[in-house]
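Everything below concerns the one structure shown next.
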Protein chains: 2
Amino acid sequence: MESKENIEIHEGLSGIYIDISSICKVDGINGKLYYRGYPIQVLAERSSFEEVCYLLLYGRLPKKQELDDFSEKLKKERSITDQTKQIITSLGRKAQALDVLRTVMSSISAYDETPYSSEESKNIEKAIRIISKTATMAAAIGRIKKGEQILEPDQSLGHAENFLFMLTGKKPDKDAAKLIDVMFILHAEHSSNASTFATLVTCSTLADIYAGVTAGVAALKGPLHGGADEAALKMMIEIGQPENTEKYIEDALAGKKKIMGFGHRVYKTYDPRARILKSYLDIVKNKSTEDIKRLIDISLRAEKMMIEKLGQSHGIWPNVDFFSGPLYMYLGIEPEMFDTVFASSRTVGWCSHVIEYWKNNKLFRPLEEYQGPLDVEYVGIEERN
Amino acid sequence: MESKENIEIHEGLSGIYIDISSICKVDGINGKLYYRGYPIQVLAERSSFEEVCYLLLYGRLPKKQELDDFSEKLKKERSITDQTKQIITSLGRKAQALDVLRTVMSSISAYDETPYSSEESKNIEKAIRIISKTATMAAAIGRIKKGEQILEPDQSLGHAENFLFMLTGKKPDKDAAKLIDVMFILHAEHSSNASTFATLVTCSTLADIYAGVTAGVAALKGPLHGGADEAALKMMIEIGQPENTEKYIEDALAGKKKIMGFGHRVYKTYDPRARILKSYLDIVKNKSTEDIKRLIDISLRAEKMMIEKLGQSHGIWPNVDFFSGPLYMYLGIEPEMFDTVFASSRTVGWCSHVIEYWKNNKLFRPLEEYQGPLDVEYVGIEERN
C-alpha cells in the first residue's frame, strides 16, 4: 500500500488514459472528430448510418457486397417479440422513455442462448442484433407514449429512416431521411465518455455485451451526459420569441445559470457535430411550421450571442446537443424521446468499444482512499447513545 | 494535449484512486475488512443484515427505535407489482437468473414518480425500496426457475430469512436463518470493485439511483466479478469424492488451470469473509445431506492443499466465493441463483456509494489514446478494393 502522503485522487478520472483505441479520435483543441480516421464531416455528407456501423465495428469501410449483406442482417434483426412489446406497453405510459428502453434492452439477452462469447465474429452478430432492435424498441416506446399502436418495420427503408417511420407513422421525405441518418451518424460514437465507459467497466468483468449496453443506457440517463438536447430545447421554448433571446441569455449569464448545449469536457472550440447540425437548420427552416421556425431563429440568435460572450474568451462553444432539439422537433420526435434516439445510435459505439476492449481485457478495479476510524468498538444496541 | 511520450495507460485502473470514502476499508495485506470502521467479524457475529444496511447507509449504528423503524420500512417495501411478477414469469425460464433480475431492477423506476433526487434522505428511501424489493424479485425468479409459484413475503421474518423463505418455501431454522443473514452481511459491500464502480460511473452523470443499481447488476454478470462461487462449486461437484480432491487440484495446477474461489486483486492473504464462512462449515455439516457433506469435505481438502501450494509462496488464498457454494446448497439455494443473492445483498453497498459520491459528484470521463490513421480519404463504394 502507498503511504497516505503519496495518494492522489483522480476526480472523475480526468486526464487518465484507460486504453489505446483505434475507434475514435476527438481532437478537442482543433474541433475535429474522426471515426476510424475518417473526418465526421465527410461521413455525414457521403456515408450512411449502415456504412458507419460497419466502419466502427470492423475498422474499415465495406465493399458494395459487404454493405449489402450487412444492411440485410440489420433488417433481419428489426423485429421484436410480443413479450418485448408487452413490457413496453405496460411500462411505457408510466415510466420515462429511457427507463423503458433500458429495461427492454436488458431483457433481450433472453433470446440469445449464449449471451457471452469470446469470439469477435459472434459478438459482431450480437452487436447487429442490439443495434437493430434498439431502434425498433425506441420507436415502439414512442408510439406507446403517444397512445398509438406499435408499428412493424418497413423493410424498404434504411435503418434510420425506418426508425423515424416506426416512430411517427410517416415515411420521411428525402431531406428528412437524410437528416435522421446524419443524426444517427453524429451520435454513433464519441470515445470513452461516461456511457461507453460504463459499458466497458461492465464488460471488463466478462459480462456479456447485452449487460454492457444495458449499463450504457443506464449511464445515458444523467443530465451530465444524455438529456442536454432536451434541456436546451426547453430553454428555447421558454424564450418563446426570437426577439426575447438576447435578454434571456444575458439574464441567465448574469444569474450564473448554465446554458445547456454549450461547453464540453473535451471540445474547447466549436463541436464539429454542432457545425454539421447547424448547416441543416437552413435546409429544414423553409419546410418547418411557424413554431419550429421560431425555435430555429432562437437557437441561431442564442448561439451568436453565446459565442460573442463566452466563445473565444472562455472556450465555451456549442456542442452537439444545442441544435439537436429544433431538428428533432422538425422530424416529429418529441423531447422525451431525444435520449432514446441518442441511445439507439450510440449502441454502435458501445458495441465497437466492447469488442475492441476484449482483445486485451483487464478488469476495471480502481481504489478509494478510506478516511475514517478503524476497529471501532461494537456496542450492544441497548447501550447506544 | 500531452505529447505521446508522456501518455501512461492505466490498465484496469489498477492503483488509481478515484475518491475518498468512509464506507469500507479493505486491508488486503492484513486480511481485514471494515464497514464504517467495524471489523467484519464482529458484524457477522453480533449484528444483523438490517443493522448493517443502516450502518452502511447512515454511517453509524442505529439506536433501538431507529433500527425498528428502519426494519419496518424495509418490510413495507417487500411487495412487488403484478407487472414485475409478469416480467419474471415470462422471462424467468428462458433467461439467466441474473439477467431477469437486471431487467426487473431496471423496471422498478417506473413506480417512482421522481426517480432522481438530489436529497440524501430521499435517496435513502429509494435505497430502502431497492434493497427490499431486490430480495423479493430474486426469490421470485428462483421460484419461476423451479417451476413453482411466486410466494408472498412473510412479515414475521427478518430480511434475509424472509428471502430464503420466499425462495425455498420453508421457514429456515435458527442456524439457517443466522447463516443466510451472515451471507447477506458479508456480501453487502466491498469498496470500489467493478459493480460498485459501474454504479458510480452511471450515477456520476446524475442518472438516478435505479439506473445506477441496474448497471451494478449488469457488471456482476461477468465471471471475473460475480459467478466465481458457482464456478468453485462446479469444480467441487466435478471432483465428486473427497479422496479425488488432491489429484484433481494437482492436475489442474499442472495444467495451469485457474481454481475459482482463490486469489483476489486486493487480498494477498486469507479473505476474512472466507474465514467466517469456513467457520460455518462445521456447524452445518452435521445437519447436511450426504451430498453436501461430501462437498464440504472436498472444499476443506482443496483449501488445505491450495494453501500449501500457493498460499504463502504466491499470495493466493481462499476468497469469499470459495466456501459459499456448499453453504448456499445447504440453504437450498441453487447454483444459478448464487449471483442473484450476491446482487440482493450488494444493493446496499451500491446505494451507499452513490449517496456518498453525490456529495462531491464529478462526472467520470477518462481518456483513450487514439492510435490509428487520421484524415483518411473517403473512397466511393464502387472504387473500394
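Residue numbering restarts at 1 in every chain; chains get A, B, ... in the order shown in the C-alpha cells, and ligands count up from 1 in that same order.
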Once you count only C-alpha atoms, which residues of chain B turn out to be within 6 Å of chain A? Could you give them as a VMD selection string?
chain B and resid 9 to 14 16 to 22 25 37 to 39 63 to 64 94 to 95 103 106 to 107 110 193 to 194 198 201 to 202 205 to 207 211 215 218 to 219 221 to 222 224 to 225 362 to 376 381 384
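Residues in contact range of A:Glu336, defined as at most 10 Å between only C-alpha atoms, with sequence neighbours fewer than 5 positions away removed, read A:Gln96, A:Ala97, A:Leu98, A:Gly142, A:Lys145, A:Gly227, A:Glu230, A:Val341.
For stretch 299-310 of chain A, the non-local neighbours within 8 Å, defined as residues at least 2 positions apart in the same chain or in other chains and counting only C-alpha atoms, are Met236, Pro242, Thr245, Glu246, Ile249, Leu295, Ile296, Asp297, Gln312, Ser313, His314, Gly315, Ile316, Trp317, Pro318, Phe322 and Phe323 of chain A.
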Find the residues around A:Ile80 up to 8 Å (only C-alpha atoms counted), leave out those fewer than 6 positions away in its own chain, and share them as a PyMOL selection string.
chain A and resi 133+136-137
Please write the residues from the selection above to a file, keeping C-alpha atoms, as a compact mmCIF listing (two decimals), in the first residue's frame.
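Done, and the output landed in again-v2.txt:
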```txt
# COMPACT_ATOMS: atom_id res chain seq x y z
CA LYS A 133 -33.63 -4.00 -32.19
CA THR A 136 -37.40 -0.79 -33.04
CA MET A 137 -37.78 -0.77 -29.26
```
For the alpha helix (DSSP H) assignment from backbone DSSP, which residues of stretch 186-255 of chain A qualify? Please present them as number ranges by chain.
A: 186, 194-203, 209-220, 228-239, 245-254
Name all residues at most 10 Å from A:Ile276 (count only C-alpha atoms; drop same-chain ones fewer than 2 positions away) and give them as a PDB file with N, CA, C and O atoms, in the first residue's frame.
```
ATOM      1  N   ILE A  40     -15.553  13.348 -39.443  1.00  0.00           N
ATOM      2  CA  ILE A  40     -17.002  13.204 -39.270  1.00  0.00           C
ATOM      3  C   ILE A  40     -17.779  13.953 -40.362  1.00  0.00           C
ATOM      4  O   ILE A  40     -18.833  13.483 -40.803  1.00  0.00           O
ATOM      5  N   GLN A  41     -17.246  15.087 -40.823  1.00  0.00           N
ATOM      6  CA  GLN A  41     -17.960  15.850 -41.862  1.00  0.00           C
ATOM      7  C   GLN A  41     -18.156  15.015 -43.120  1.00  0.00           C
ATOM      8  O   GLN A  41     -19.216  15.031 -43.737  1.00  0.00           O
ATOM      9  N   ALA A  44     -20.728  12.317 -42.558  1.00  0.00           N
ATOM     10  CA  ALA A  44     -22.080  12.884 -42.516  1.00  0.00           C
ATOM     11  C   ALA A  44     -22.557  13.217 -43.929  1.00  0.00           C
ATOM     12  O   ALA A  44     -23.729  13.071 -44.259  1.00  0.00           O
ATOM     13  N   GLU A  45     -21.640  13.655 -44.769  1.00  0.00           N
ATOM     14  CA  GLU A  45     -22.011  14.096 -46.120  1.00  0.00           C
ATOM     15  C   GLU A  45     -22.182  12.921 -47.077  1.00  0.00           C
ATOM     16  O   GLU A  45     -23.150  12.856 -47.824  1.00  0.00           O
ATOM     17  N   VAL A 182     -28.117  11.389 -40.709  1.00  0.00           N
ATOM     18  CA  VAL A 182     -26.971  12.178 -40.227  1.00  0.00           C
ATOM     19  C   VAL A 182     -26.973  12.239 -38.699  1.00  0.00           C
ATOM     20  O   VAL A 182     -25.925  12.102 -38.060  1.00  0.00           O
ATOM     21  N   MET A 183     -28.154  12.409 -38.113  1.00  0.00           N
ATOM     22  CA  MET A 183     -28.211  12.472 -36.643  1.00  0.00           C
ATOM     23  C   MET A 183     -27.742  11.146 -36.039  1.00  0.00           C
ATOM     24  O   MET A 183     -27.048  11.130 -35.023  1.00  0.00           O
ATOM     25  N   LEU A 186     -23.913  11.093 -36.389  1.00  0.00           N
ATOM     26  CA  LEU A 186     -23.220  12.002 -35.465  1.00  0.00           C
ATOM     27  C   LEU A 186     -23.231  11.493 -34.017  1.00  0.00           C
ATOM     28  O   LEU A 186     -22.357  11.846 -33.228  1.00  0.00           O
ATOM     29  N   ASP A 271     -17.851  22.372 -31.504  1.00  0.00           N
ATOM     30  CA  ASP A 271     -18.041  20.936 -31.698  1.00  0.00           C
ATOM     31  C   ASP A 271     -18.367  20.700 -33.179  1.00  0.00           C
ATOM     32  O   ASP A 271     -19.334  21.267 -33.705  1.00  0.00           O
ATOM     33  N   PRO A 272     -17.563  19.905 -33.874  1.00  0.00           N
ATOM     34  CA  PRO A 272     -17.796  19.733 -35.322  1.00  0.00           C
ATOM     35  C   PRO A 272     -19.180  19.168 -35.634  1.00  0.00           C
ATOM     36  O   PRO A 272     -19.743  19.423 -36.703  1.00  0.00           O
ATOM     37  N   ARG A 273     -19.743  18.413 -34.682  1.00  0.00           N
ATOM     38  CA  ARG A 273     -21.084  17.851 -34.901  1.00  0.00           C
ATOM     39  C   ARG A 273     -22.132  18.953 -34.865  1.00  0.00           C
ATOM     40  O   ARG A 273     -23.118  18.938 -35.614  1.00  0.00           O
ATOM     41  N   ALA A 274     -21.921  19.944 -33.991  1.00  0.00           N
ATOM     42  CA  ALA A 274     -22.858  21.076 -33.916  1.00  0.00           C
ATOM     43  C   ALA A 274     -22.814  21.869 -35.217  1.00  0.00           C
ATOM     44  O   ALA A 274     -23.842  22.347 -35.720  1.00  0.00           O
ATOM     45  N   LYS A 278     -25.933  22.606 -37.541  1.00  0.00           N
ATOM     46  CA  LYS A 278     -26.293  23.987 -37.860  1.00  0.00           C
ATOM     47  C   LYS A 278     -26.555  24.134 -39.352  1.00  0.00           C
ATOM     48  O   LYS A 278     -27.481  24.835 -39.767  1.00  0.00           O
ATOM     49  N   SER A 279     -25.763  23.463 -40.164  1.00  0.00           N
ATOM     50  CA  SER A 279     -25.931  23.569 -41.619  1.00  0.00           C
ATOM     51  C   SER A 279     -27.288  23.027 -42.076  1.00  0.00           C
ATOM     52  O   SER A 279     -27.770  23.375 -43.156  1.00  0.00           O
ATOM     53  N   TYR A 280     -27.888  22.169 -41.267  1.00  0.00           N
ATOM     54  CA  TYR A 280     -29.211  21.626 -41.634  1.00  0.00           C
ATOM     55  C   TYR A 280     -30.357  22.571 -41.265  1.00  0.00           C
ATOM     56  O   TYR A 280     -31.480  22.405 -41.754  1.00  0.00           O
ATOM     57  N   LEU A 281     -30.079  23.523 -40.396  1.00  0.00           N
ATOM     58  CA  LEU A 281     -31.162  24.434 -39.989  1.00  0.00           C
ATOM     59  C   LEU A 281     -31.734  25.168 -41.184  1.00  0.00           C
ATOM     60  O   LEU A 281     -32.951  25.310 -41.327  1.00  0.00           O
ATOM     61  N   VAL A 320     -22.904  19.265 -29.584  1.00  0.00           N
ATOM     62  CA  VAL A 320     -23.842  18.540 -30.450  1.00  0.00           C
ATOM     63  C   VAL A 320     -25.290  18.665 -29.984  1.00  0.00           C
ATOM     64  O   VAL A 320     -26.231  18.553 -30.780  1.00  0.00           O
ATOM     65  N   PHE A 323     -28.191  22.290 -31.224  1.00  0.00           N
ATOM     66  CA  PHE A 323     -29.119  22.411 -32.359  1.00  0.00           C
ATOM     67  C   PHE A 323     -29.976  21.165 -32.563  1.00  0.00           C
ATOM     68  O   PHE A 323     -30.834  21.133 -33.451  1.00  0.00           O
TER      69      PHE A 323
END
```
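Straight-line separation from atom CA of B:Phe49 to atom CA of B:Ile185: 5.3 Å.
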Residue neighbourhood A:Ala228, 10 Å, only C-alpha atoms, exclusion window fewer than 4 positions, as an MDAnalysis selection string
chainID A and resid 222:224 232:234 259:262 319:322 324:325 338:339
